[in-house]
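Student: Below is the file coords.cif, which contains mmCIF, C-alpha atoms and all ligand atoms.
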```cif
data_query
#
loop_
_atom_site.label_atom_id
_atom_site.label_comp_id
_atom_site.auth_asym_id
_atom_site.auth_seq_id
_atom_site.Cartn_x
_atom_site.Cartn_y
_atom_site.Cartn_z
CA MET A 1 93.63 104.02 95.93
CA THR A 2 94.48 100.93 97.94
CA GLU A 3 93.83 101.49 101.62
CA ARG A 4 96.58 100.79 104.14
CA VAL A 5 95.98 98.89 107.38
CA PHE A 6 97.80 99.08 110.71
CA ASN A 7 100.30 96.28 110.34
CA PHE A 8 101.52 94.95 113.69
CA SER A 9 103.83 92.38 112.08
CA PRO A 10 107.10 91.62 113.88
CA GLY A 11 109.01 91.90 110.60
CA PRO A 12 109.21 92.76 107.84
CA ALA A 13 107.25 95.54 109.42
CA MET A 14 105.60 98.86 108.62
CA LEU A 15 107.66 101.59 107.01
CA PRO A 16 106.84 105.29 107.41
CA GLU A 17 104.24 106.22 104.81
CA ALA A 18 106.31 109.24 103.78
CA VAL A 19 109.19 106.89 102.93
CA LEU A 20 107.01 104.69 100.75
CA ARG A 21 105.59 107.73 98.98
CA GLU A 22 109.02 109.17 98.26
CA ALA A 23 110.29 105.81 96.98
CA GLN A 24 107.19 105.51 94.80
CA ARG A 25 107.55 109.05 93.46
CA ASP A 26 111.18 108.51 92.50
CA LEU A 27 111.00 104.88 91.43
CA LEU A 28 110.94 105.61 87.72
CA ALA A 29 113.91 107.97 87.89
CA LEU A 30 115.94 109.44 90.74
CA PRO A 31 115.72 113.22 90.45
CA SER A 32 118.47 114.49 88.10
CA TYR A 33 119.78 110.97 87.31
CA GLY A 34 117.17 109.79 84.81
CA MET A 35 117.49 106.22 86.10
CA SER A 36 115.63 104.16 88.68
CA ILE A 37 117.39 103.20 91.92
CA LEU A 38 116.70 99.64 90.69
CA GLU A 39 118.85 100.27 87.62
CA VAL A 40 121.84 102.31 88.75
CA SER A 41 125.38 100.98 89.03
CA HIS A 42 126.51 100.46 92.60
CA ARG A 43 129.71 102.32 91.64
CA GLY A 44 127.96 105.20 89.87
CA LYS A 45 127.50 108.72 91.18
CA ALA A 46 123.88 108.31 92.28
CA PHE A 47 124.46 105.31 94.50
CA THR A 48 127.84 106.55 95.75
CA GLU A 49 125.98 109.58 97.10
CA ILE A 50 123.15 107.49 98.55
CA LEU A 51 125.54 105.11 100.31
CA ALA A 52 127.55 107.99 101.77
CA ALA A 53 124.38 109.77 102.91
CA THR A 54 122.98 106.61 104.52
CA GLU A 55 126.19 106.06 106.47
CA ALA A 56 126.32 109.74 107.45
CA ASN A 57 122.69 109.60 108.65
CA LEU A 58 123.40 106.56 110.84
CA ARG A 59 126.56 108.13 112.23
CA LYS A 60 124.63 111.28 113.07
CA LEU A 61 121.60 109.54 114.58
CA LEU A 62 123.69 107.22 116.75
CA ASP A 63 126.54 109.67 117.33
CA VAL A 64 128.98 106.96 116.20
CA PRO A 65 132.43 107.80 117.57
CA ALA A 66 135.64 107.71 115.52
CA GLY A 67 137.19 104.26 115.27
CA TYR A 68 134.01 102.47 114.18
CA GLN A 69 132.99 101.11 110.79
CA VAL A 70 129.38 101.27 109.62
CA LEU A 71 128.90 98.39 107.17
CA PHE A 72 126.00 97.28 104.97
CA LEU A 73 125.86 93.52 104.54
CA GLN A 74 123.44 90.87 103.29
CA GLY A 75 122.30 87.56 104.70
CA GLY A 76 120.16 88.98 107.50
CA SER A 77 120.88 88.71 111.18
CA ARG A 78 121.01 84.94 110.92
CA LEU A 79 124.23 85.26 108.95
CA GLN A 80 125.59 87.47 111.74
CA PHE A 81 125.00 84.57 114.13
CA SER A 82 127.81 82.88 112.16
CA MET A 83 129.93 85.84 111.08
CA VAL A 84 130.32 87.13 114.62
CA PRO A 85 132.02 83.97 115.96
CA MET A 86 133.86 83.30 112.67
CA ASN A 87 135.47 86.74 112.80
CA LEU A 88 135.71 87.56 116.49
CA LEU A 89 137.00 84.19 117.67
CA GLY A 90 139.69 84.74 115.04
CA ASP A 91 142.62 82.35 115.32
CA LEU A 92 142.10 81.69 119.01
CA ALA A 93 142.49 78.03 119.94
CA GLY A 94 141.81 75.72 122.85
CA PRO A 95 140.05 77.16 125.90
CA GLN A 96 140.53 80.71 124.57
CA ARG A 97 138.21 79.95 121.67
CA THR A 98 135.12 80.75 123.69
CA ALA A 99 132.42 83.39 123.95
CA ASP A 100 129.74 84.32 126.49
CA TYR A 101 126.07 84.43 125.47
CA VAL A 102 123.33 86.04 127.54
CA LEU A 103 120.00 84.38 126.66
CA THR A 104 116.82 86.36 127.20
CA GLY A 105 114.80 84.76 124.41
CA SER A 106 114.61 82.66 121.27
CA TRP A 107 116.92 84.69 119.03
CA GLY A 108 119.77 84.43 121.51
CA LYS A 109 119.28 80.67 121.49
CA TYR A 110 119.50 80.58 117.69
CA ALA A 111 122.69 82.66 117.87
CA VAL A 112 124.20 80.14 120.29
CA ALA A 113 123.44 77.25 117.95
CA GLU A 114 125.59 78.88 115.24
CA ALA A 115 128.34 80.02 117.60
CA LYS A 116 128.73 76.43 118.81
CA ARG A 117 129.79 75.44 115.30
CA GLU A 118 132.71 77.85 115.57
CA GLY A 119 133.90 77.50 119.15
CA THR A 120 132.91 76.98 122.76
CA VAL A 121 129.92 78.84 124.13
CA ASN A 122 129.44 79.73 127.76
CA ILE A 123 125.77 80.40 128.50
CA ALA A 124 126.28 83.27 130.93
CA TYR A 125 122.56 83.60 131.64
CA ASP A 126 119.55 81.66 130.43
CA ALA A 127 116.00 82.71 131.24
CA THR A 128 114.56 79.50 129.80
CA ALA A 129 113.39 78.32 133.27
CA THR A 130 110.82 81.12 133.32
CA ASN A 131 110.02 80.81 129.60
CA TYR A 132 112.15 83.86 128.75
CA ASP A 133 110.02 86.39 130.58
CA ARG A 134 112.73 88.48 132.19
CA LEU A 135 116.15 90.10 132.04
CA PRO A 136 118.97 89.00 134.36
CA GLN A 137 119.10 90.44 137.87
CA PRO A 138 122.41 91.86 139.05
CA GLY A 139 124.76 88.96 139.82
CA GLU A 140 122.90 86.43 137.68
CA VAL A 141 125.18 86.72 134.65
CA LYS A 142 128.05 84.25 135.02
CA LEU A 143 130.83 85.44 132.75
CA ASN A 144 133.86 83.47 131.64
CA PRO A 145 136.96 85.65 132.11
CA ALA A 146 138.51 84.05 129.00
CA ALA A 147 135.58 84.94 126.71
CA ALA A 148 136.56 86.58 123.41
CA TYR A 149 133.29 88.57 123.47
CA VAL A 150 129.91 88.63 125.18
CA HIS A 151 126.78 88.49 123.03
CA TYR A 152 123.28 89.56 123.98
CA THR A 153 119.99 90.45 122.24
CA SER A 154 118.81 93.96 123.10
CA ASN A 155 115.20 93.13 122.22
CA GLU A 156 113.86 89.60 122.06
CA THR A 157 111.25 89.97 119.34
CA ILE A 158 109.36 86.75 120.08
CA GLN A 159 109.03 87.02 123.88
CA GLY A 160 108.86 90.84 124.02
CA VAL A 161 111.73 91.22 126.48
CA GLN A 162 113.99 94.24 126.08
CA PHE A 163 116.99 95.79 127.83
CA PRO A 164 116.01 99.37 128.73
CA ASP A 165 119.60 100.63 128.35
CA ASP A 166 123.09 99.56 127.29
CA PRO A 167 124.16 96.79 129.70
CA GLN A 168 127.70 96.20 130.90
CA PHE A 169 128.67 92.55 131.20
CA GLY A 170 132.38 92.73 131.92
CA PRO A 171 135.60 93.52 130.09
CA ALA A 172 135.12 91.37 126.93
CA PRO A 173 133.90 93.30 123.86
CA LEU A 174 130.13 93.62 123.93
CA VAL A 175 128.29 92.26 120.87
CA CYS A 176 124.63 93.11 120.40
CA ASP A 177 121.92 91.66 118.18
CA ALA A 178 119.86 94.85 117.86
CA SER A 179 117.72 93.55 114.99
CA SER A 180 114.34 94.45 116.41
CA ASP A 181 115.09 97.66 118.28
CA PHE A 182 117.79 99.33 116.17
CA LEU A 183 117.23 103.11 116.12
CA TRP A 184 114.43 102.96 118.70
CA ARG A 185 116.46 105.22 121.06
CA PRO A 186 119.90 106.82 121.32
CA ILE A 187 122.58 104.32 122.35
CA ASP A 188 126.16 104.68 123.51
CA ILE A 189 128.05 103.01 120.65
CA SER A 190 131.37 103.36 122.51
CA ARG A 191 130.12 100.65 124.90
CA TYR A 192 129.97 98.14 122.03
CA GLY A 193 132.53 96.11 120.15
CA LEU A 194 130.01 95.17 117.48
CA LEU A 195 126.32 95.75 116.93
CA TYR A 196 124.24 94.28 114.13
CA ALA A 197 120.69 94.69 112.90
CA CYS A 198 118.81 93.38 109.90
CA ALA A 199 116.80 96.29 108.55
CA GLN A 200 113.35 94.79 108.18
CA LYS A 201 112.12 95.41 111.72
CA ASN A 202 112.94 99.03 112.34
CA ALA A 203 115.23 100.49 109.69
CA GLY A 204 114.18 99.49 106.19
CA PRO A 205 113.26 96.47 104.05
CA ALA A 206 114.58 92.90 104.17
CA GLY A 207 117.88 92.34 102.41
CA VAL A 208 120.24 94.72 104.16
CA THR A 209 121.93 94.28 107.53
CA VAL A 210 123.79 97.07 109.31
CA VAL A 211 126.95 96.13 111.22
CA ILE A 212 128.70 98.71 113.38
CA VAL A 213 132.08 97.44 114.49
CA ARG A 214 135.08 98.84 116.34
CA ASP A 215 138.12 99.01 114.02
CA GLU A 216 140.45 97.07 116.29
CA LEU A 217 138.18 94.01 116.25
CA LEU A 218 138.65 93.73 112.48
CA THR A 219 142.24 92.58 113.02
CA ARG A 220 140.80 89.37 114.46
CA SER A 221 139.22 88.22 111.18
CA PRO A 222 141.24 85.24 109.89
CA ASP A 223 142.44 85.33 106.26
CA ARG A 224 141.25 81.75 105.81
CA LEU A 225 137.58 82.89 105.98
CA PRO A 226 135.60 82.95 102.74
CA GLY A 227 135.84 86.51 101.43
CA MET A 228 132.12 87.17 101.74
CA LEU A 229 132.21 86.19 105.42
CA ASN A 230 135.13 88.40 106.40
CA TYR A 231 134.18 91.80 107.89
CA ARG A 232 137.55 93.23 106.91
CA ASN A 233 136.74 92.97 103.19
CA PHE A 234 133.56 95.00 103.66
CA ALA A 235 135.41 97.57 105.76
CA THR A 236 138.27 97.91 103.24
CA GLU A 237 135.87 98.18 100.31
CA LYS A 238 133.41 100.47 102.15
CA SER A 239 130.53 97.96 101.81
CA LEU A 240 131.25 97.56 98.07
CA TYR A 241 133.18 94.27 98.27
CA ASN A 242 130.45 92.88 96.04
CA THR A 243 127.24 94.44 94.75
CA PRO A 244 125.45 95.62 97.87
CA PRO A 245 121.66 95.57 98.35
CA VAL A 246 121.25 98.89 96.54
CA PHE A 247 117.50 99.28 96.93
CA GLY A 248 117.52 98.25 100.60
CA ILE A 249 120.23 100.77 101.42
CA TYR A 250 118.28 103.47 99.57
CA ILE A 251 115.23 102.78 101.76
CA VAL A 252 117.40 102.87 104.90
CA LYS A 253 118.51 106.31 103.71
CA LEU A 254 114.90 107.47 103.42
CA VAL A 255 114.03 106.01 106.84
CA THR A 256 117.01 107.71 108.48
CA ASP A 257 116.17 110.98 106.68
CA TRP A 258 112.70 110.65 108.25
CA LEU A 259 114.16 109.99 111.71
CA LEU A 260 116.44 113.01 111.46
CA GLY A 261 113.91 115.31 109.83
CA THR A 262 110.27 114.57 110.57
CA ILE A 263 110.90 112.89 113.93
CA GLY A 264 113.82 115.05 115.03
CA GLY A 265 116.30 112.41 116.24
CA LEU A 266 116.38 109.31 118.39
CA ALA A 267 115.68 110.97 121.76
CA LYS A 268 112.39 112.16 120.32
CA MET A 269 111.78 108.75 118.73
CA GLN A 270 112.28 107.10 122.12
CA GLU A 271 109.78 109.44 123.73
CA LEU A 272 107.18 108.60 121.07
CA ASN A 273 107.89 104.87 121.35
CA ARG A 274 107.59 104.88 125.15
CA ALA A 275 104.29 106.72 124.94
CA LYS A 276 102.94 104.25 122.36
CA ALA A 277 103.96 101.18 124.38
CA GLY A 278 102.59 102.81 127.54
CA LEU A 279 99.12 102.95 126.00
CA LEU A 280 99.06 99.16 125.58
CA TYR A 281 100.72 98.24 128.88
CA ASP A 282 98.29 100.53 130.71
CA VAL A 283 95.36 98.60 129.27
CA LEU A 284 97.07 95.33 130.25
CA ASP A 285 97.67 96.49 133.81
CA ARG A 286 94.16 97.86 134.25
CA SER A 287 92.39 94.78 132.86
CA ASN A 288 92.15 92.89 136.20
CA GLY A 289 94.03 89.96 134.73
CA PHE A 290 91.94 89.67 131.55
CA TYR A 291 95.10 90.34 129.56
CA ARG A 292 98.19 88.68 130.98
CA GLY A 293 101.53 90.03 129.77
CA HIS A 294 104.27 87.53 128.95
CA ALA A 295 107.24 89.68 130.01
CA GLN A 296 107.66 90.72 133.62
CA PRO A 297 107.01 94.47 133.97
CA ALA A 298 110.67 95.51 134.39
CA SER A 299 111.66 93.55 131.27
CA ARG A 300 108.89 94.73 128.97
CA SER A 301 109.67 95.56 125.38
CA MET A 302 108.72 98.91 123.89
CA MET A 303 108.71 97.24 120.45
CA ASN A 304 106.86 93.92 120.84
CA VAL A 305 104.01 93.81 123.36
CA THR A 306 103.17 90.16 124.16
CA PHE A 307 100.12 89.03 126.12
CA ARG A 308 97.50 86.32 126.44
CA LEU A 309 93.73 86.24 126.73
CA PRO A 310 91.77 83.95 129.09
CA SER A 311 91.09 81.33 126.36
CA ASP A 312 91.97 80.35 122.79
CA GLU A 313 88.36 81.01 121.84
CA LEU A 314 88.53 84.59 123.08
CA GLN A 315 91.86 85.02 121.34
CA GLU A 316 90.36 84.04 117.99
CA LYS A 317 87.49 86.46 118.56
CA PHE A 318 89.99 89.16 119.49
CA LEU A 319 91.98 88.66 116.28
CA ALA A 320 88.82 88.76 114.17
CA GLY A 321 87.55 91.89 115.93
CA ALA A 322 90.88 93.62 115.51
CA LYS A 323 91.02 92.74 111.83
CA ALA A 324 87.64 94.36 111.29
CA LEU A 325 89.25 97.59 112.55
CA LYS A 326 92.20 97.12 110.14
CA LEU A 327 94.52 96.06 112.96
CA VAL A 328 96.36 93.06 111.50
CA GLU A 329 99.22 90.59 112.09
CA LEU A 330 98.58 90.48 115.83
CA LYS A 331 98.88 86.73 116.35
CA GLY A 332 101.75 85.82 118.67
CA HIS A 333 104.66 83.59 117.70
CA ARG A 334 103.74 79.89 117.84
CA SER A 335 106.31 79.27 120.60
CA VAL A 336 104.77 81.84 122.96
CA GLY A 337 101.16 81.90 121.79
CA GLY A 338 98.77 84.71 122.58
CA ILE A 339 98.96 88.12 120.97
CA ARG A 340 102.00 90.11 119.91
CA ALA A 341 101.63 93.75 118.92
CA SER A 342 104.83 94.91 117.22
CA ILE A 343 104.92 98.67 117.42
CA TYR A 344 108.20 99.74 115.85
CA ASN A 345 109.20 103.31 115.01
CA ALA A 346 106.97 103.50 111.94
CA MET A 347 103.76 102.35 113.65
CA PRO A 348 101.71 105.55 113.94
CA ARG A 349 100.39 106.46 117.38
CA GLU A 350 96.91 106.33 115.85
CA GLY A 351 97.31 102.59 115.22
CA VAL A 352 98.30 101.96 118.83
CA GLU A 353 95.48 104.16 120.14
CA THR A 354 92.97 102.23 118.03
CA LEU A 355 94.33 98.94 119.36
CA ALA A 356 94.30 100.14 122.97
CA ARG A 357 90.67 101.27 122.65
CA PHE A 358 89.69 97.98 121.04
CA MET A 359 91.42 96.03 123.84
CA GLU A 360 89.51 97.96 126.48
CA GLU A 361 86.17 97.44 124.78
CA PHE A 362 86.86 93.78 124.11
CA ALA A 363 87.72 93.09 127.76
CA LYS A 364 84.60 94.90 128.91
CA ARG A 365 82.19 92.94 126.72
CA SER A 366 83.83 89.50 127.13
C1 LIG B 401 114.32 88.99 113.03
C2 LIG B 401 115.43 88.76 113.96
C3 LIG B 401 116.56 88.00 113.58
C4 LIG B 401 116.67 87.29 112.24
O1 LIG B 401 116.82 88.14 111.19
P1 LIG B 401 116.94 87.62 109.69
O2 LIG B 401 117.22 88.87 108.94
O3 LIG B 401 115.65 86.95 109.32
O4 LIG B 401 118.10 86.66 109.64
C5 LIG B 401 117.58 87.88 114.49
N1 LIG B 401 117.51 88.47 115.71
C6 LIG B 401 116.44 89.17 116.11
C7 LIG B 401 116.44 89.78 117.47
C8 LIG B 401 115.37 89.35 115.25
O5 LIG B 401 114.30 90.05 115.64
#
```
If you took the structure in this file and wrote it as structure tokens, what would it be?
Tutor:
Amino acid sequence: MTERVFNFSPGPAMLPEAVLREAQRDLLALPSYGMSILEVSHRGKAFTEILAATEANLRKLLDVPAGYQVLFLQGGSRLQFSMVPMNLLGDLAGPQRTADYVLTGSWGKYAVAEAKREGTVNIAYDATATNYDRLPQPGEVKLNPAAAYVHYTSNETIQGVQFPDDPQFGPAPLVCDASSDFLWRPIDISRYGLLYACAQKNAGPAGVTVVIVRDELLTRSPDRLPGMLNYRNFATEKSLYNTPPVFGIYIVKLVTDWLLGTIGGLAKMQELNRAKAGLLYDVLDRSNGFYRGHAQPASRSMMNVTFRLPSDELQEKFLAGAKALKLVELKGHRSVGGIRASIYNAMPREGVETLARFMEEFAKRS
């Protein structure tokens, strides 16, 4: 039996072991279908049921109100950086063809780069001056009243900066890149015009992206768009405009089954996540400056815990010591440096406890 490690990768990330076991058990043949999920037609009975169940699970977990589509797309969140402006700027022209972007980290910046190809971007807030270590204070977000939508990133995966709740940035439809904290807590979908999340951080494997969009925004999508880039086609065809990522959606079903069943819903998941993150931030705060967090305390992410050690030498020792305890993929992103512990929904508390203990011991003996 191959032994599993605690994988602190920012994504693709750990999946619940129960999900992997179920997928493994049924890989040869889905019970009562006699065919693998890798072989079934996307229009056949087995997958029709899986797709419907996955959507129903997401609607239940997030309490999605009427008037919203839940779509399964491909191309990752990077494609959403383009699809959002392509669709939501619609046929607007001139000064109306503009959107607000709130920048709290690197992913927001990448989203801006793509939006600029489609229209005018107003940077409503940019934390670059402090190296993306904090959320905006009240009054710091400078909105453009003409904006067609306002885009923000609920969790900046690289810097470890996260909004603790659903922000309100003004009257324009709110668009959220929720890639790295999707399903980490209950959210109020009615506050959003559109929310997207690639699955490979917190909801499943790479290859499937969930888009939740208010119906009325779909009327903005211009007919001139390539069919594969038009949300309306995926809404009309119920995510079967072309062959969807069948296996990825199946895993999202198993993950959402796990959230509803074993975990008991998103409020419970949030409680567990907060407790896990608290273990690491407590060590940080009690280390007398040995570990220095990147994010300011009020902006800290419950998903990606970013911090530095006193020297590069100690950091290398830290990574080697952690690896010996089967704690892997802890090296921070090259743009921030230091350590990043990604502790998504599927990271067991035991993994975080082991890391917290190791951090304490390491600080003591260094
Ligand atoms: C990972 C990530 C992305 C990019 O996702 P891809 O599926 O690789 O395109 C975008 N935004 C955030 C916040 C992410 O964490």
Student: Grab the CA of Ala178 in chain A to CA of Ala235 in chain A distance for me, in Å with one decimal place.
Tutor: 19.9 Å
Student: What's around range 5-21 of chain A at 7 Å? Count only C-alpha atoms, leave out sequence neighbours fewer than 5 positions away in its own chain, and write the answer as a list in words.
Tutor: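 Listing them by chain and then by number gives Gln200, Lys201, Gly204, Pro205, Ala206, Leu254, Val255, Lys326, Leu327, Val328, Glu329, Leu330, Ala341, Ser342, Ile343, Ala346, Met347 and Gly351 of chain A.
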Student: Taking all atoms of ligand LIG 401 (chain B) that the file lists and extending 5 Å past them on each side, where is the centre of the axis-aligned box and how long are its edges? Answer in Å to one decimal, as JSON.
Tutor:
```
{"center_x": 116.2, "center_y": 88.4, "center_z": 113.2, "size_x": 13.8, "size_y": 13.4, "size_z": 18.5}
```
Student: Between CA of Gly293 in chain A and CA of Leu272 in chain A, what is the distance in Å, rounded to a tenth?
Tutor: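 Between CA of Gly293 in chain A and CA of Leu272 in chain A the gap is 21.3 Å.
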Student: Would you name the residues within 8 Å of ligand LIG 401 (chain B), counting only C-alpha atoms and all ligand atoms, and put them as a ChimeraX atom specification?
Tutor: /A:10-11,75-80,107-108,153-158,177-180,197-201,206-207,209
Student: Could you please determine the separation between CA of Tyr132 in chain A and CA of Thr104 in chain A in Å, to one decimal place?
Tutor: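 Separating CA of Tyr132 in chain A from CA of Thr104 in chain A is a distance of 5.5 Å.
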Student: Excluding Ala356 in chain A and its own-chain neighbours fewer than 6 positions away, which residues fall within 9 Å of it when counting all atoms listed in the file? Please give them as a PyMOL selection string.
Tutor: chain A and resi 279-283
Student: For range 63-66 of chain A, find every residue with an atom within 8 Å (counting all atoms listed in the file), except residues of its own chain fewer than 3 positions away, and show them as a PDB file with C-alpha atoms, in the frame of the given file.
Tutor:
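Result went into out12.pdb, see below:
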```pdb
ATOM      1  CA  LEU A  58     123.400 106.560 110.840  1.00  0.00           C
ATOM      2  CA  ARG A  59     126.560 108.130 112.230  1.00  0.00           C
ATOM      3  CA  LYS A  60     124.630 111.280 113.070  1.00  0.00           C
ATOM      4  CA  ASP A 188     126.160 104.680 123.510  1.00  0.00           C
ATOM      5  CA  ILE A 189     128.050 103.010 120.650  1.00  0.00           C
ATOM      6  CA  SER A 190     131.370 103.360 122.510  1.00  0.00           C
TER       7      SER A 190
END
```
Student: Which residue out of A:Ser41, A:Arg334, A:Ala324, A:Leu51 has the minimum interatomic distance to Gln159 in chain A when all atoms listed in the file are used?
Tutor: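 Between A:Ser41, A:Arg334, A:Ala324, A:Leu51, the residue approaching Gln159 in chain A most closely is A:Arg334.
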Student: Which of these residues is nearest to Val70 in chain A, using only C-alpha atoms: A:Asn87, A:Gln96, A:Ser239, A:Gln24?
Tutor: A:Ser239
Student: Return the single residue from A:Phe72, A:Trp184, A:Tyr291, A:Tyr101 that is closest to Arg340 in chain A, with distances computed using all atoms listed in the file.
Tutor: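 For Arg340 in chain A, the nearest of the candidates is A:Tyr291.
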Student: Just checking: using all atoms listed in the file, which residue out of A:Val213, A:Val141, A:Val150, A:Leu218 ends up closest to Tyr68 in chain A?
Tutor: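 Ranked by minimum distance to Tyr68 in chain A, first place goes to A:Val213.
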